[in-house]
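*Asks:* Provided herewith is a single structure, encoded as structure tokens, for subsequent inquiry.
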Amino acid sequence: MVLKRAEWPNSDEYAIAVASKVAPYGAYVKLPEFGEKEGFIHISEVSSTWVRNIRNHIHENQRVVVRVLKVDEAKRHIDCSLRRVSTEARRSKNNEWKRAQKAEKLLELLAKENNMELEEVYEKIGWPIEDFFGEIYKGLESASDSGAAAFADVDAPSELRAQLAELAQTRIEIPSVEIDGEMTITVPGPEGVVVIRNALTGGLELGKTVEKSTVEIYVLGSPRYRLQIVSPDYKEAEEVLSTVLGAITKIIEKNSGTISFNRK
């Protein structure tokens, strides 16, 4: 189902739609996020190219992402468009939908545990989490990582916060990304080994200051060293790589050494 707080979508908003009836002149769709309200996609809004057969673009029971063009609450009519949805917007909305579905499944479990209606759980803790984190699933991911402490400032009953945090920890696995590569390092002179050791130790110590990432360095056999970074997302992984590798490089080059890094 996936509930939304708003009863009606806004113009220019992207929404999930399921085709209920396809006719030569357009397609009727249901908007599950808005209580299964009906929308309509005119054939001129199906594709930016000429539509020979509308069913080549949309068919009954197909789930699509639409852009809301106009909402007439009095007439209970919603005009939608398929052709005005970019690839990026489609990807983003589908991802948002999947995350909302995952969040709702946990809220359903919480409702069952407390003999409550799903709508009541949304009101008591779902929407307060959304208010605090901007997205319910983002809050659940935080609770999976930090436990009930993640909900400390969420305006919701403490018992529900504790229960939902426990569900998040048992049901949500935080995804991670890994950057794995090989450093080749040489430093001339009798103190070269010491310089390399100090540079790598400094890199590891710097890695420890990053709260949600881990940095590991392994000796593969001089002059080759393995650098491995595990982070919750690509952006942070790249930032940690830049910071750690930059610190190591600075020490090596300061001592007339050379360093290269090749990803695996």
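By convention here, the chains of the structure tokens are called A, B, ... in the order presented, each chain's residues are numbered starting at 1, and ligands are numbered starting at 1 in the order presented.
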Set the distance at 7 Å and use only C-alpha atoms: which residues neighbour region 196-199 of chain A once local chain neighbours fewer than 6 positions away are removed? I'd like the list as a list in words.

*Replies:* Ile248, Ile251 and Ile252 of chain A

*Asks:* Would you return as a tab-separated table (two decimals) with N, CA and C atoms, in the first residue's frame the members of region 46-151 of chain A that DSSP assigns to strand (DSSP E) on this structure's backbone?

*Replies:*
```tsv
chain	number	residue	atom	x	y	z
A	63	ARG	N	3.04	-1.13	-13.59
A	63	ARG	CA	3.39	-0.06	-12.65
A	63	ARG	C	4.37	0.89	-13.33
A	64	VAL	N	4.08	2.17	-13.28
A	64	VAL	CA	4.93	3.17	-13.93
A	64	VAL	C	5.11	4.36	-13.00
A	65	VAL	N	6.05	5.22	-13.35
A	65	VAL	CA	6.22	6.49	-12.65
A	65	VAL	C	5.63	7.58	-13.53
A	66	VAL	N	4.77	8.41	-12.97
A	66	VAL	CA	4.15	9.49	-13.73
A	66	VAL	C	4.49	10.84	-13.09
A	67	ARG	N	4.35	11.87	-13.89
A	67	ARG	CA	4.47	13.23	-13.38
A	67	ARG	C	3.06	13.82	-13.34
A	68	VAL	N	2.70	14.35	-12.19
A	68	VAL	CA	1.36	14.92	-12.03
A	68	VAL	C	1.33	16.29	-12.70
A	69	LEU	N	0.38	16.48	-13.60
A	69	LEU	CA	0.26	17.74	-14.34
A	69	LEU	C	-0.74	18.69	-13.69
A	70	LYS	N	-1.90	18.15	-13.34
A	70	LYS	CA	-2.97	19.00	-12.80
A	70	LYS	C	-3.84	18.17	-11.87
A	71	VAL	N	-4.24	18.79	-10.77
A	71	VAL	CA	-5.10	18.12	-9.79
A	71	VAL	C	-6.37	18.95	-9.60
A	72	ASP	N	-7.50	18.34	-9.81
A	72	ASP	CA	-8.79	18.98	-9.58
A	72	ASP	C	-9.51	18.18	-8.50
A	77	HIS	N	-10.16	14.58	-10.17
A	77	HIS	CA	-9.49	14.26	-11.43
A	77	HIS	C	-8.02	14.65	-11.36
A	78	ILE	N	-7.15	13.74	-11.82
A	78	ILE	CA	-5.70	13.98	-11.80
A	78	ILE	C	-5.14	13.70	-13.20
A	79	ASP	N	-4.60	14.72	-13.82
A	79	ASP	CA	-3.95	14.54	-15.13
A	79	ASP	C	-2.48	14.17	-14.90
A	80	CYS	N	-2.02	13.15	-15.60
A	80	CYS	CA	-0.66	12.66	-15.42
A	80	CYS	C	0.08	12.57	-16.76
A	81	SER	N	1.39	12.45	-16.68
A	81	SER	CA	2.21	12.32	-17.89
A	81	SER	C	3.26	11.24	-17.71
```

*Asks:* For a quick check of understanding, using only C-alpha atoms, which of A:Arg84, A:Leu110, A:Ile179, A:Gly207 has the smallest distance to Ala162 (chain A)?

*Replies:*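 Using only C-alpha atoms, the shortest distance to Ala162 (chain A) belongs to A:Leu110.
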
*Asks:* Would you work out the distance separating CA of Glu166 (chain A) from CA of Asp153 (chain A), expressed in Å to one decimal?

*Replies:*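 That distance, rounded to one decimal, is 16.7 Å.
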
*Asks:* Would you kindly return, as a PyMOL selection string, each protein, DNA or RNA residue with an atom no farther than 12 Å from any atom of Thr214 (chain A), considering only C-alpha atoms and excluding same-chain residues fewer than 5 positions away?

*Replies:* chain A and resi 176-180+203-209+227-232+236-237+240-241+244
